[in-house]
Structures are given as C-alpha cells and as structure tokens.
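Worksheet: one structure, shown below.
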Amino acid sequence: MMDRLTVQGGKPLYGTVKVSGSKNATLPLMAAALLAPGTTVINDAPDLQDIRTMGMVLRVLGAEAKLDSGVMTVDTTNANGWEAPYELVRKMRASFYVLGPLIARHGRAKISLPGGCALGPRPVDLHIKALTKLGCRFDLDSGYVLAEADKLIGARINFDISSVGATGNTIMAATAAQGETVIENAACEPEIVDLADMLNAMGAKIVGAGTPKITIEGPTPLHPVNWKVIPDRIEVGTLLIAGAAAGGNITLEGARSDHLSIILTKLIESGAQIDLQGGNIKLSVSDRLRSSDITTAIYPGFPTDLQAPWTALMALAEGTSMITETIYPERFNHVPELIRLGGEMKMKLNSVQVSGVQSLKGATVMCSDIRAGAGLVVGALAAKGTTDILRVYHLDRGYEKIEDKVRALGGTIERMRD
Ligand code: UD1
C-alpha cells in the first residue's frame, strides 16, 4: 500500500505552525546515547521513518529505544551488540553513525556498507580514514566494514571534503581516544554543533564545533543526559519556500533564524518580506517573486537539502535562474517532475537553468527521494488545480506530518491510501 498526497494548489497560504525537531540532528544524538550506558532522553525528536530506522539499529545492538509524543528514550544499559545489518543500513545511510560510538564503547564494530541510492554511490571513505588515524583497523568482508581498535589514540585529522557524517563519527570516537584529537576542515553544520553540545553535557571536552577546527580532549567518562534537539532548519526552509511559492502570509514558530541566514537572505532578495520575532519567522509575499541563482555549498552556504524546493520556487519567479548543485551533482530527480507541472527547465551538467513561467498546472508526479519530494510539495502548492504526489514514503522519511503542517497554513492537501 502506497500513500499519495493530493494537493489543490494555486492558492495563497495563511497561518501559523510550530516546527518539528531536527531529523538530521536527532540521528547522531541517538547514536551518541551508546557512548553512555544508561538512559538518554532526547526531547522534540520527530516521528519519522528515519528516526524509527535508527531506533531499530539501536535495538539490534541490544538497546531499548522508544519514541513517545516527541520524547525519544534510549536505554543503552544492555547495548552489547556491535553489528549493524544490511537490511537496516541500506534503508538509511545515517545508520553508519553507530560506527564511532561502537568503536568507542566496544573497540569493535561490524557495519554494512550503505551501497547506492537515488543520489548515486554513498561513500564512507572519509569516516574510515579518520578512524584509522585514531588507531582503528578496518577490513571489508562480504559488503561489511569490520572495525577493531585495542586502544584509540588522539590524532590530527584533516578532511579532504567537509562531511557531516564523518565529522560526527570522528567526534564520537574521539571522546574515547587518549589525548587530543584535532579535526580540520570539519563540517560546521548546526547538527554537528548540537551533537558536540550534547556530548559536552554528557561530560566530553569538545571545543570549536561550528568552526572548521574542532578539538576533542579524551578520554572522558560520559553519562546519560536529558537533551532537547534543535529545530529542523530544512523543514523550516521548505515551509518558508512553500509560502513564498504559493504567496500569502505564514508564521513558523520555534525556528532558529540564525541557522537559516542564507535562505532568509535569498528569500528577501527574491522579493519576500521576512520578519523575525523571537523564535518566530514570519514570511509574506504580495507580488510575483524575482529569480535568484543559488549554488549549494557546505554550511553556511545554501543547503543541498533545500535545492529542490528552491528550484520549484524559481519555476514561477520572474526571469531566469541558475541552480547549481555541488554537494550531490545528481540530485535533480525533481526536475522532470516539475516540468510535468509546466516548469521550463534545462539541465546542464550539475546545474539546471530555470525560466520562470506565469503559472504551473497540477499533474500527477512522483517522489524519488526525500528532498525531491519536498520540491514537489512546493510545486504542487503553487500549481493551479490538482496535483497527485505519488510515492510519499520518500517524503515521510524526512518531513513529520507534512500534510498537517500544510493544512495549518491553510493549504488543501490530503493523504490518500491506494
Ligand atoms: C548529511 C545530511 C544530508 C545532507 C548532507 C549534506 C544527515 C543524516 N544527512 O548527509 O541530509 O544532504 O549532509 O549537507 O545528516 N563524502 C565522501 N566520503 C565520505 C562521506 C561523504 O566522499 O566518506 C561526500 C559525499 O558524497 C558528499 C559530501 O561528501 O558529496 C558531503 O556528504 P556528507 O556531509 O557526509 O553527507 P551526510 O552526512 O551523508
């Protein structure tokens, strides 16, 4: 049984909605609970398929993990396992986040290689290189990464590419390493800052998270904590872009505008009006937006996870825009679907040239990954008439009750079960 979303679009959005906690921050926080035997509580955890998958990974390792009304409780007292199977890792690459904690806790781990996905191959070479520097030995066998370490020793690690996952894994392993670990060209994403903040509250000594140089002094005994995850900046960005595409006046409650600087700047540049009041972001749009180029980049650059929604927004903006993808050059599955809605777009290598049209018209379209799906929701809300969005399970991996949120903003959207 596959769900689809039916959207009646082409009407402005008006309303207020509270945003969810960050999926991409919650995933490593759940893995980090393995570092401190006992019960760690993560508040505001979103109820999403990816979060449930991480819960399954933790349960396979012997932990208990349950999500109840936004409260994720992870009891790692009996987490004596060290093997994450293919069935789970292939569903979600972020399962690989247990590597660092398992090495730190047990000195060994066996984790399936993530394999491919709609965005191309998903390498983990940076994770492996970094942990090798800390004294971990790796072997590859039948699609599994086997890791072992007698003793972890602090080291200097300079990443060739800034990677969120590899930075997170290295920080977690380094909390158990003897002496100082210095990570250079570390990912600066807010999700890494949240992870370091929680680890510090657990007793770790991590300095510099949020900058390209992070220093970890270890080993420190870690204890469980009660934490509150940061709001989901990608969900906030998607809803703001949806509001801009459909027009109207929307308020998002509980957001962190400091995590969204580039999006807010780009929205203003395109003609939207933004007002910040405490943790609320208010967006209003009265005229047709102007086109504005973007190039995805590591934080604080334009996030690749908002490239598809932005492409959908530009479909209706006045003028021509260039959307360039530098993080995942193949992340353009939404483009043929937006063309089905009447968008005028031309692919050129890792860019798409969008010529803004006066209006889009509803059609049947299909999600192929989380963010492409988000782009289609934006397109559907802006398109006149009915759009059926198929394969919503992709969207459900990353957006908590998207239809409830859109409805709270006055959109007409319904989930149908075929
Ligand atoms: C995280 C986010 C994802 C987002 C991405 C980039 C989570 C769960 N997911 O993914 O939503 O799109 O950041 O902002 O937080 N790379 C390598 N070797 C490696 C690891 C990565 O070459 O070992 C490359 C990747 O192919 C990619 C780039 O590095 O081109 C960035 O990837 P990375 O930051 O690691 O992304 P994730 O942590 O997987």
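Chain labels A, B, ... are given in the sequence in which chains occur in the structure tokens; within each chain residues are numbered consecutively from 1, and ligands are likewise numbered from 1 in the order shown.
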As number ranges by chain, please: the residues near A:Ser284 (cut-off 8 Å, only C-alpha atoms, same-chain neighbours under 3 positions excluded).
A: 243-244, 247-250, 272-274
Could you take the residues named above and write them with N, CA and C atoms, as a PDB file, in the first residue's frame?
ATOM      1  N   GLY A 243       5.607  28.824   1.266  1.00  0.00           N
ATOM      2  CA  GLY A 243       4.834  30.052   1.466  1.00  0.00           C
ATOM      3  C   GLY A 243       5.179  31.087   0.402  1.00  0.00           C
ATOM      4  N   ALA A 244       6.447  31.153   0.054  1.00  0.00           N
ATOM      5  CA  ALA A 244       6.876  32.127  -0.956  1.00  0.00           C
ATOM      6  C   ALA A 244       6.323  31.737  -2.330  1.00  0.00           C
ATOM      7  N   GLY A 247       2.470  32.228  -2.203  1.00  0.00           N
ATOM      8  CA  GLY A 247       2.060  33.584  -1.829  1.00  0.00           C
ATOM      9  C   GLY A 247       1.362  33.542  -0.483  1.00  0.00           C
ATOM     10  N   GLY A 248       1.060  34.709   0.080  1.00  0.00           N
ATOM     11  CA  GLY A 248       0.346  34.752   1.347  1.00  0.00           C
ATOM     12  C   GLY A 248       1.214  35.217   2.494  1.00  0.00           C
ATOM     13  N   ASN A 249       0.884  34.722   3.681  1.00  0.00           N
ATOM     14  CA  ASN A 249       1.486  35.260   4.891  1.00  0.00           C
ATOM     15  C   ASN A 249       1.523  34.143   5.936  1.00  0.00           C
ATOM     16  N   ILE A 250       2.705  33.611   6.235  1.00  0.00           N
ATOM     17  CA  ILE A 250       2.785  32.483   7.166  1.00  0.00           C
ATOM     18  C   ILE A 250       3.782  32.763   8.288  1.00  0.00           C
ATOM     19  N   ALA A 272      10.491  38.472  -1.103  1.00  0.00           N
ATOM     20  CA  ALA A 272       9.630  38.130   0.038  1.00  0.00           C
ATOM     21  C   ALA A 272       9.951  39.063   1.190  1.00  0.00           C
ATOM     22  N   GLN A 273       8.966  39.238   2.074  1.00  0.00           N
ATOM     23  CA  GLN A 273       9.232  40.036   3.269  1.00  0.00           C
ATOM     24  C   GLN A 273       9.359  39.094   4.460  1.00  0.00           C
ATOM     25  N   ILE A 274      10.414  39.285   5.240  1.00  0.00           N
ATOM     26  CA  ILE A 274      10.658  38.403   6.385  1.00  0.00           C
ATOM     27  C   ILE A 274      10.681  39.250   7.657  1.00  0.00           C
TER      28      ILE A 274
END
Could you give me, as JSON lines, a per-residue list for chain A showing, wherever an atom lies at most 6 Å from an atom of ligand 1, the closest pair of atoms and their distance in Å to one decimal, using only C-alpha atoms and all ligand atoms and sorting by chain then residue number from low to high?
{"residue": "A:Asn24", "atom": "CA", "partner": "ligand 1", "partner_atom_place_in_ligand_line": "15 (O)", "distance": 4.1}
{"residue": "A:Ala94", "atom": "CA", "partner": "ligand 1", "partner_atom_place_in_ligand_line": "8 (C)", "distance": 5.0}
{"residue": "A:Arg122", "atom": "CA", "partner": "ligand 1", "partner_atom_place_in_ligand_line": "26 (O)", "distance": 5.6}
{"residue": "A:Pro123", "atom": "CA", "partner": "ligand 1", "partner_atom_place_in_ligand_line": "18 (N)", "distance": 4.5}
{"residue": "A:Val124", "atom": "CA", "partner": "ligand 1", "partner_atom_place_in_ligand_line": "23 (O)", "distance": 3.1}
{"residue": "A:Asp125", "atom": "CA", "partner": "ligand 1", "partner_atom_place_in_ligand_line": "23 (O)", "distance": 3.9}
{"residue": "A:Leu126", "atom": "CA", "partner": "ligand 1", "partner_atom_place_in_ligand_line": "23 (O)", "distance": 3.5}
{"residue": "A:His127", "atom": "CA", "partner": "ligand 1", "partner_atom_place_in_ligand_line": "23 (O)", "distance": 5.0}
{"residue": "A:Ile161", "atom": "CA", "partner": "ligand 1", "partner_atom_place_in_ligand_line": "29 (O)", "distance": 5.9}
{"residue": "A:Ser163", "atom": "CA", "partner": "ligand 1", "partner_atom_place_in_ligand_line": "34 (O)", "distance": 3.3}
{"residue": "A:Val164", "atom": "CA", "partner": "ligand 1", "partner_atom_place_in_ligand_line": "34 (O)", "distance": 3.7}
{"residue": "A:Gly165", "atom": "CA", "partner": "ligand 1", "partner_atom_place_in_ligand_line": "38 (O)", "distance": 3.4}
{"residue": "A:Ala166", "atom": "CA", "partner": "ligand 1", "partner_atom_place_in_ligand_line": "35 (O)", "distance": 5.8}
{"residue": "A:Thr304", "atom": "CA", "partner": "ligand 1", "partner_atom_place_in_ligand_line": "12 (O)", "distance": 5.6}
{"residue": "A:Asp305", "atom": "CA", "partner": "ligand 1", "partner_atom_place_in_ligand_line": "12 (O)", "distance": 5.1}
{"residue": "A:Ile327", "atom": "CA", "partner": "ligand 1", "partner_atom_place_in_ligand_line": "30 (O)", "distance": 4.6}
{"residue": "A:Tyr328", "atom": "CA", "partner": "ligand 1", "partner_atom_place_in_ligand_line": "30 (O)", "distance": 5.2}
Written selection (N, CA and C atoms) as an mmCIF file, in the first residue's frame:
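Printed below is result-v9.cif as written:
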data_model
loop_
_atom_site.group_PDB
_atom_site.id
_atom_site.type_symbol
_atom_site.label_atom_id
_atom_site.label_comp_id
_atom_site.auth_asym_id
_atom_site.auth_seq_id
_atom_site.Cartn_x
_atom_site.Cartn_y
_atom_site.Cartn_z
ATOM 1 N N ASN A 24 18.042 15.400 11.173
ATOM 2 C CA ASN A 24 19.478 15.165 10.969
ATOM 3 C C ASN A 24 20.302 15.412 12.225
ATOM 4 N N ALA A 94 22.485 6.981 7.312
ATOM 5 C CA ALA A 94 22.855 7.564 8.611
ATOM 6 C C ALA A 94 23.004 6.509 9.700
ATOM 7 N N ARG A 122 27.263 6.087 -2.165
ATOM 8 C CA ARG A 122 27.340 6.812 -0.902
ATOM 9 C C ARG A 122 28.614 6.393 -0.186
ATOM 10 N N PRO A 123 29.699 7.078 -0.465
ATOM 11 C CA PRO A 123 30.984 6.657 0.095
ATOM 12 C C PRO A 123 31.072 6.883 1.599
ATOM 13 N N VAL A 124 31.907 6.055 2.249
ATOM 14 C CA VAL A 124 32.175 6.247 3.672
ATOM 15 C C VAL A 124 33.690 6.304 3.908
ATOM 16 N N ASP A 125 34.433 6.545 2.809
ATOM 17 C CA ASP A 125 35.905 6.551 2.896
ATOM 18 C C ASP A 125 36.421 7.557 3.934
ATOM 19 N N LEU A 126 35.751 8.697 4.053
ATOM 20 C CA LEU A 126 36.244 9.725 4.988
ATOM 21 C C LEU A 126 36.084 9.269 6.440
ATOM 22 N N HIS A 127 34.987 8.556 6.716
ATOM 23 C CA HIS A 127 34.763 8.027 8.065
ATOM 24 C C HIS A 127 35.914 7.063 8.396
ATOM 25 N N ILE A 161 37.280 16.512 2.169
ATOM 26 C CA ILE A 161 35.962 17.104 1.893
ATOM 27 C C ILE A 161 35.293 17.277 3.251
ATOM 28 N N SER A 163 32.582 16.721 5.606
ATOM 29 C CA SER A 163 31.469 15.762 5.651
ATOM 30 C C SER A 163 30.791 15.794 7.019
ATOM 31 N N VAL A 164 29.479 15.936 6.995
ATOM 32 C CA VAL A 164 28.715 15.984 8.242
ATOM 33 C C VAL A 164 28.840 14.645 8.971
ATOM 34 N N GLY A 165 28.575 13.560 8.248
ATOM 35 C CA GLY A 165 28.600 12.238 8.869
ATOM 36 C C GLY A 165 29.981 11.873 9.398
ATOM 37 N N ALA A 166 31.022 12.101 8.592
ATOM 38 C CA ALA A 166 32.376 11.723 9.018
ATOM 39 C C ALA A 166 32.824 12.580 10.202
ATOM 40 N N THR A 304 22.098 21.805 0.259
ATOM 41 C CA THR A 304 21.649 20.924 -0.832
ATOM 42 C C THR A 304 20.250 20.392 -0.554
ATOM 43 N N ASP A 305 19.903 20.237 0.731
ATOM 44 C CA ASP A 305 18.586 19.698 1.075
ATOM 45 C C ASP A 305 17.447 20.663 0.731
ATOM 46 N N ILE A 327 27.112 19.548 -4.009
ATOM 47 C CA ILE A 327 27.286 18.506 -2.983
ATOM 48 C C ILE A 327 26.902 17.135 -3.553
ATOM 49 N N TYR A 328 25.716 17.047 -4.139
ATOM 50 C CA TYR A 328 25.280 15.814 -4.799
ATOM 51 C C TYR A 328 24.917 16.167 -6.241
#
Select, from A:Asp141, A:Glu269, A:Glu318, A:Asp275, the residue with the minimum atom-to-atom distance to A:Ser291, counting only C-alpha atoms.
A:Glu318
Nearest to A:Ala374 by atom-to-atom distance, counting only C-alpha atoms, from A:Ala187, A:Leu134, A:Leu240, A:Ile103
A:Leu240
Shortest contact to A:Glu180, candidates A:Thr220, A:Thr211, A:Thr320, A:Thr265, atoms counted only C-alpha atoms, goes to A:Thr220
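Distance-wise, atom CA of A:Gly15 and atom CA of A:Asn280 end up 12.4 Å apart.
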Excluding A:Gly9 and any residue of its chain fewer than 4 positions from it, enumerate the residues within 8 Å of it, using only C-alpha atoms, and give them as a short mmCIF file (atom, residue, chain, number, x, y, z; two decimals) with all heavy atoms, in the first residue's frame.
data_model
loop_
_atom_site.label_atom_id
_atom_site.label_comp_id
_atom_site.auth_asym_id
_atom_site.auth_seq_id
_atom_site.Cartn_x
_atom_site.Cartn_y
_atom_site.Cartn_z
N ALA A 246 3.57 29.90 -2.99
CA ALA A 246 2.11 29.99 -3.07
C ALA A 246 1.62 31.42 -2.83
O ALA A 246 0.51 31.77 -3.20
CB ALA A 246 1.48 29.04 -2.05
N GLY A 362 -1.51 21.69 -12.15
CA GLY A 362 -1.45 20.40 -11.46
C GLY A 362 -1.31 19.22 -12.40
O GLY A 362 -1.78 19.26 -13.55
N ALA A 380 3.44 21.75 -6.09
CA ALA A 380 2.00 21.43 -6.07
C ALA A 380 1.19 22.54 -5.41
O ALA A 380 0.10 22.88 -5.86
CB ALA A 380 1.78 20.11 -5.33
N LEU A 381 1.74 23.13 -4.34
CA LEU A 381 1.02 24.20 -3.65
C LEU A 381 0.93 25.45 -4.52
O LEU A 381 0.00 26.24 -4.40
CB LEU A 381 1.70 24.52 -2.32
CG LEU A 381 1.49 23.47 -1.23
CD1 LEU A 381 2.44 23.71 -0.06
CD2 LEU A 381 0.04 23.48 -0.74
N ALA A 382 1.92 25.61 -5.40
CA ALA A 382 1.93 26.79 -6.26
C ALA A 382 1.14 26.56 -7.55
O ALA A 382 0.65 27.50 -8.17
CB ALA A 382 3.37 27.17 -6.59
N ALA A 383 0.99 25.27 -7.94
CA ALA A 383 0.35 24.98 -9.24
C ALA A 383 -1.18 25.06 -9.13
O ALA A 383 -1.76 24.63 -8.14
CB ALA A 383 0.75 23.56 -9.68
N LYS A 384 -1.80 25.58 -10.17
CA LYS A 384 -3.27 25.68 -10.18
C LYS A 384 -3.87 24.29 -10.38
O LYS A 384 -3.35 23.50 -11.17
CB LYS A 384 -3.71 26.57 -11.34
CG LYS A 384 -3.30 28.01 -11.15
CD LYS A 384 -4.15 28.94 -12.01
CE LYS A 384 -3.90 30.38 -11.66
NZ LYS A 384 -2.92 31.02 -12.57
N GLY A 385 -4.93 23.99 -9.64
CA GLY A 385 -5.61 22.71 -9.82
C GLY A 385 -5.04 21.61 -8.94
O GLY A 385 -4.38 21.87 -7.95
N THR A 386 -5.28 20.37 -9.37
CA THR A 386 -4.96 19.21 -8.52
C THR A 386 -3.64 18.57 -8.92
O THR A 386 -3.42 18.27 -10.08
CB THR A 386 -6.08 18.14 -8.67
OG1 THR A 386 -7.32 18.80 -8.43
CG2 THR A 386 -5.89 17.00 -7.69
N THR A 387 -2.79 18.36 -7.92
CA THR A 387 -1.57 17.59 -8.15
C THR A 387 -1.62 16.36 -7.25
O THR A 387 -1.88 16.46 -6.05
CB THR A 387 -0.31 18.43 -7.82
OG1 THR A 387 -0.25 19.52 -8.73
CG2 THR A 387 0.96 17.60 -7.95
N GLY A 411 -3.37 25.32 3.53
CA GLY A 411 -3.28 24.61 2.24
C GLY A 411 -4.28 23.47 2.19
O GLY A 411 -4.71 22.95 3.22
N THR A 412 -4.69 23.09 0.98
CA THR A 412 -5.61 21.97 0.82
C THR A 412 -4.80 20.77 0.36
O THR A 412 -4.31 20.72 -0.76
CB THR A 412 -6.71 22.31 -0.22
OG1 THR A 412 -7.28 23.57 0.16
CG2 THR A 412 -7.78 21.25 -0.27
#
Residues near A:Arg52, cut-off 12 Å, only C-alpha atoms, skip fewer than 2 positions along chain, as a PyMOL selection string:
chain A and resi 23+26-27+30+45-50+54-59+65-68+72+88+91-92+94-95+396-398
Export of prior selection with N, CA, C and O atoms as a compact mmCIF listing (two decimals), in the first residue's frame:
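Produced file part_1.txt, reproduced below:
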# COMPACT_ATOMS: atom_id res chain seq x y z
N LYS A 23 15.54 16.19 12.26
CA LYS A 23 15.84 14.77 11.98
C LYS A 23 17.35 14.55 11.93
O LYS A 23 17.88 13.65 12.57
N THR A 26 18.80 14.65 15.35
CA THR A 26 18.36 13.56 16.25
C THR A 26 19.11 12.26 15.96
O THR A 26 19.48 11.53 16.88
N LEU A 27 19.37 11.97 14.67
CA LEU A 27 20.01 10.69 14.32
C LEU A 27 21.36 10.50 15.02
O LEU A 27 21.56 9.49 15.69
N MET A 30 20.97 10.07 18.83
CA MET A 30 20.54 8.72 19.24
C MET A 30 21.74 7.77 19.26
O MET A 30 21.90 6.97 20.18
N ALA A 45 12.16 14.99 19.48
CA ALA A 45 12.54 14.10 18.37
C ALA A 45 11.35 13.95 17.42
O ALA A 45 10.22 13.72 17.87
N PRO A 46 11.56 14.09 16.13
CA PRO A 46 10.43 13.99 15.20
C PRO A 46 10.02 12.53 14.97
O PRO A 46 10.87 11.64 15.02
N ASP A 47 8.74 12.32 14.72
CA ASP A 47 8.22 10.97 14.47
C ASP A 47 8.32 10.70 12.97
O ASP A 47 7.43 11.04 12.20
N LEU A 48 9.45 10.13 12.57
CA LEU A 48 9.74 9.94 11.14
C LEU A 48 10.30 8.55 10.90
O LEU A 48 10.90 7.95 11.80
N GLN A 49 10.18 8.08 9.67
CA GLN A 49 10.68 6.75 9.33
C GLN A 49 12.18 6.63 9.62
O GLN A 49 12.64 5.63 10.16
N ASP A 50 12.98 7.64 9.28
CA ASP A 50 14.43 7.55 9.52
C ASP A 50 14.74 7.42 11.01
O ASP A 50 15.67 6.73 11.40
N MET A 54 16.64 4.29 12.89
CA MET A 54 17.75 4.38 13.85
C MET A 54 17.37 3.66 15.15
O MET A 54 18.22 3.00 15.75
N GLY A 55 16.10 3.76 15.55
CA GLY A 55 15.62 3.03 16.73
C GLY A 55 15.83 1.53 16.53
O GLY A 55 16.28 0.82 17.44
N MET A 56 15.56 1.04 15.32
CA MET A 56 15.74 -0.39 15.04
C MET A 56 17.21 -0.78 15.11
O MET A 56 17.56 -1.84 15.62
N VAL A 57 18.07 0.10 14.58
CA VAL A 57 19.51 -0.18 14.63
C VAL A 57 19.94 -0.31 16.10
O VAL A 57 20.64 -1.26 16.47
N LEU A 58 19.48 0.61 16.93
CA LEU A 58 19.87 0.58 18.34
C LEU A 58 19.33 -0.69 19.03
O LEU A 58 20.01 -1.30 19.85
N ARG A 59 18.11 -1.09 18.65
CA ARG A 59 17.53 -2.29 19.26
C ARG A 59 18.31 -3.54 18.86
O ARG A 59 18.55 -4.43 19.67
N ALA A 65 14.83 1.56 22.56
CA ALA A 65 14.62 2.91 22.03
C ALA A 65 13.14 3.08 21.79
O ALA A 65 12.53 2.26 21.10
N LYS A 66 12.54 4.09 22.40
CA LYS A 66 11.12 4.32 22.09
C LYS A 66 10.83 5.81 22.01
O LYS A 66 11.44 6.63 22.71
N LEU A 67 9.89 6.09 21.11
CA LEU A 67 9.50 7.48 20.88
C LEU A 67 8.06 7.64 21.32
O LEU A 67 7.17 6.93 20.85
N ASP A 68 7.85 8.57 22.26
CA ASP A 68 6.51 8.78 22.76
C ASP A 68 6.24 10.28 22.81
O ASP A 68 6.91 11.00 23.55
N MET A 72 12.16 10.89 22.84
CA MET A 72 12.90 9.69 22.47
C MET A 72 13.71 9.23 23.68
O MET A 72 14.54 9.99 24.19
N LEU A 88 19.09 -2.84 7.54
CA LEU A 88 18.82 -1.51 8.12
C LEU A 88 19.69 -0.43 7.48
O LEU A 88 19.20 0.64 7.13
N LYS A 91 18.61 0.91 4.15
CA LYS A 91 17.44 1.79 4.22
C LYS A 91 17.85 3.22 4.52
O LYS A 91 17.20 4.17 4.13
N MET A 92 18.90 3.34 5.31
CA MET A 92 19.29 4.68 5.75
C MET A 92 20.79 4.74 6.01
O MET A 92 21.29 4.13 6.94
N ALA A 94 22.49 6.98 7.31
CA ALA A 94 22.86 7.56 8.61
C ALA A 94 23.00 6.51 9.70
O ALA A 94 23.51 6.79 10.78
N SER A 95 22.58 5.24 9.41
CA SER A 95 22.82 4.15 10.37
C SER A 95 24.31 4.05 10.66
O SER A 95 24.73 3.54 11.70
N ASP A 396 8.01 11.04 3.68
CA ASP A 396 7.76 10.70 5.09
C ASP A 396 9.05 10.37 5.85
O ASP A 396 9.06 10.39 7.07
N ARG A 397 10.12 10.06 5.12
CA ARG A 397 11.40 9.81 5.80
C ARG A 397 11.90 11.06 6.50
O ARG A 397 12.59 10.98 7.51
N GLY A 398 11.57 12.22 5.94
CA GLY A 398 12.20 13.44 6.43
C GLY A 398 11.26 14.55 6.89
O GLY A 398 11.72 15.52 7.46
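The environment of A:Phe159 within 7 Å, counting only C-alpha atoms and disregarding residues fewer than 2 places along the same chain, consists of Ile157, Ile161, Ser162, Glu184, Asn185 and Ala186 of chain A.
Here atom CA of A:Thr170 is placed at a distance of 28.8 Å from atom CA of A:Glu400.
If you look at atom CA of A:Thr53 and atom CA of A:Asp388, they are 27.0 Å away from each other.
Residues within 9 Å of stretch 1-6 of chain A, counting only C-alpha atoms and excluding same-chain residues fewer than 3 positions away, are Val377, Ala380, Thr386, Thr387, Asp388, Ile389, Leu390, Arg391, Val392, Tyr393, Glu403, Thr412, Ile413, Glu414, Arg415, Met416, Arg417 and Asp418 of chain A.
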Kindly export the residues of the current selection with N, CA, C and O atoms, as an mmCIF file, in the first residue's frame.
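Once written, selection28.cif looks like this:
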data_model
loop_
_atom_site.group_PDB
_atom_site.id
_atom_site.type_symbol
_atom_site.label_atom_id
_atom_site.label_comp_id
_atom_site.auth_asym_id
_atom_site.auth_seq_id
_atom_site.Cartn_x
_atom_site.Cartn_y
_atom_site.Cartn_z
ATOM 1 N N VAL A 377 6.078 19.127 -3.313
ATOM 2 C CA VAL A 377 5.039 19.725 -2.464
ATOM 3 C C VAL A 377 4.990 21.233 -2.721
ATOM 4 O O VAL A 377 3.914 21.824 -2.888
ATOM 5 N N ALA A 380 3.441 21.747 -6.086
ATOM 6 C CA ALA A 380 2.003 21.427 -6.074
ATOM 7 C C ALA A 380 1.193 22.543 -5.412
ATOM 8 O O ALA A 380 0.096 22.876 -5.858
ATOM 9 N N THR A 386 -5.283 20.369 -9.366
ATOM 10 C CA THR A 386 -4.960 19.209 -8.519
ATOM 11 C C THR A 386 -3.637 18.565 -8.915
ATOM 12 O O THR A 386 -3.418 18.273 -10.084
ATOM 13 N N THR A 387 -2.794 18.364 -7.920
ATOM 14 C CA THR A 387 -1.569 17.589 -8.147
ATOM 15 C C THR A 387 -1.615 16.356 -7.252
ATOM 16 O O THR A 387 -1.884 16.459 -6.054
ATOM 17 N N ASP A 388 -1.360 15.214 -7.853
ATOM 18 C CA ASP A 388 -1.227 13.968 -7.079
ATOM 19 C C ASP A 388 0.251 13.665 -6.952
ATOM 20 O O ASP A 388 0.948 13.539 -7.961
ATOM 21 N N ILE A 389 0.724 13.562 -5.715
ATOM 22 C CA ILE A 389 2.141 13.241 -5.497
ATOM 23 C C ILE A 389 2.234 11.784 -5.057
ATOM 24 O O ILE A 389 1.724 11.424 -3.992
ATOM 25 N N LEU A 390 2.870 10.966 -5.882
ATOM 26 C CA LEU A 390 2.983 9.536 -5.596
ATOM 27 C C LEU A 390 4.275 9.231 -4.841
ATOM 28 O O LEU A 390 5.194 10.039 -4.827
ATOM 29 N N ARG A 391 4.321 8.038 -4.263
ATOM 30 C CA ARG A 391 5.496 7.558 -3.515
ATOM 31 C C ARG A 391 5.889 8.491 -2.369
ATOM 32 O O ARG A 391 7.052 8.890 -2.226
ATOM 33 N N VAL A 392 4.892 8.827 -1.582
ATOM 34 C CA VAL A 392 5.077 9.773 -0.482
ATOM 35 C C VAL A 392 5.985 9.221 0.611
ATOM 36 O O VAL A 392 6.500 9.962 1.443
ATOM 37 N N TYR A 393 6.211 7.874 0.574
ATOM 38 C CA TYR A 393 7.065 7.311 1.629
ATOM 39 C C TYR A 393 8.445 7.954 1.634
ATOM 40 O O TYR A 393 9.084 8.040 2.672
ATOM 41 N N GLU A 403 1.401 16.942 5.767
ATOM 42 C CA GLU A 403 0.059 17.407 5.375
ATOM 43 C C GLU A 403 -0.598 18.202 6.509
ATOM 44 O O GLU A 403 -1.319 19.165 6.262
ATOM 45 N N THR A 412 -4.690 23.094 0.980
ATOM 46 C CA THR A 412 -5.611 21.969 0.820
ATOM 47 C C THR A 412 -4.800 20.771 0.363
ATOM 48 O O THR A 412 -4.307 20.724 -0.763
ATOM 49 N N ILE A 413 -4.645 19.826 1.271
ATOM 50 C CA ILE A 413 -3.801 18.663 0.986
ATOM 51 C C ILE A 413 -4.388 17.469 1.717
ATOM 52 O O ILE A 413 -4.861 17.598 2.845
ATOM 53 N N GLU A 414 -4.418 16.348 1.063
ATOM 54 C CA GLU A 414 -4.995 15.158 1.680
ATOM 55 C C GLU A 414 -4.143 13.946 1.385
ATOM 56 O O GLU A 414 -3.591 13.821 0.286
ATOM 57 N N ARG A 415 -4.032 13.066 2.372
ATOM 58 C CA ARG A 415 -3.294 11.819 2.158
ATOM 59 C C ARG A 415 -4.289 10.751 1.732
ATOM 60 O O ARG A 415 -5.309 10.556 2.376
ATOM 61 N N MET A 416 -3.968 10.093 0.653
ATOM 62 C CA MET A 416 -4.854 9.042 0.142
ATOM 63 C C MET A 416 -4.114 7.717 0.210
ATOM 64 O O MET A 416 -2.917 7.661 -0.036
ATOM 65 N N ARG A 417 -4.832 6.679 0.510
ATOM 66 C CA ARG A 417 -4.243 5.346 0.571
ATOM 67 C C ARG A 417 -4.757 4.561 -0.633
ATOM 68 O O ARG A 417 -5.959 4.393 -0.781
ATOM 69 N N ASP A 418 -3.843 4.155 -1.517
ATOM 70 C CA ASP A 418 -4.307 3.426 -2.720
ATOM 71 C C ASP A 418 -4.508 1.951 -2.405
ATOM 72 O O ASP A 418 -3.876 1.413 -1.542
#
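Distances here use only C-alpha atoms; by that measure, the residue among A:Leu338, A:Val378, A:Val357, A:Val17 closest to A:Ala317 is A:Val357.
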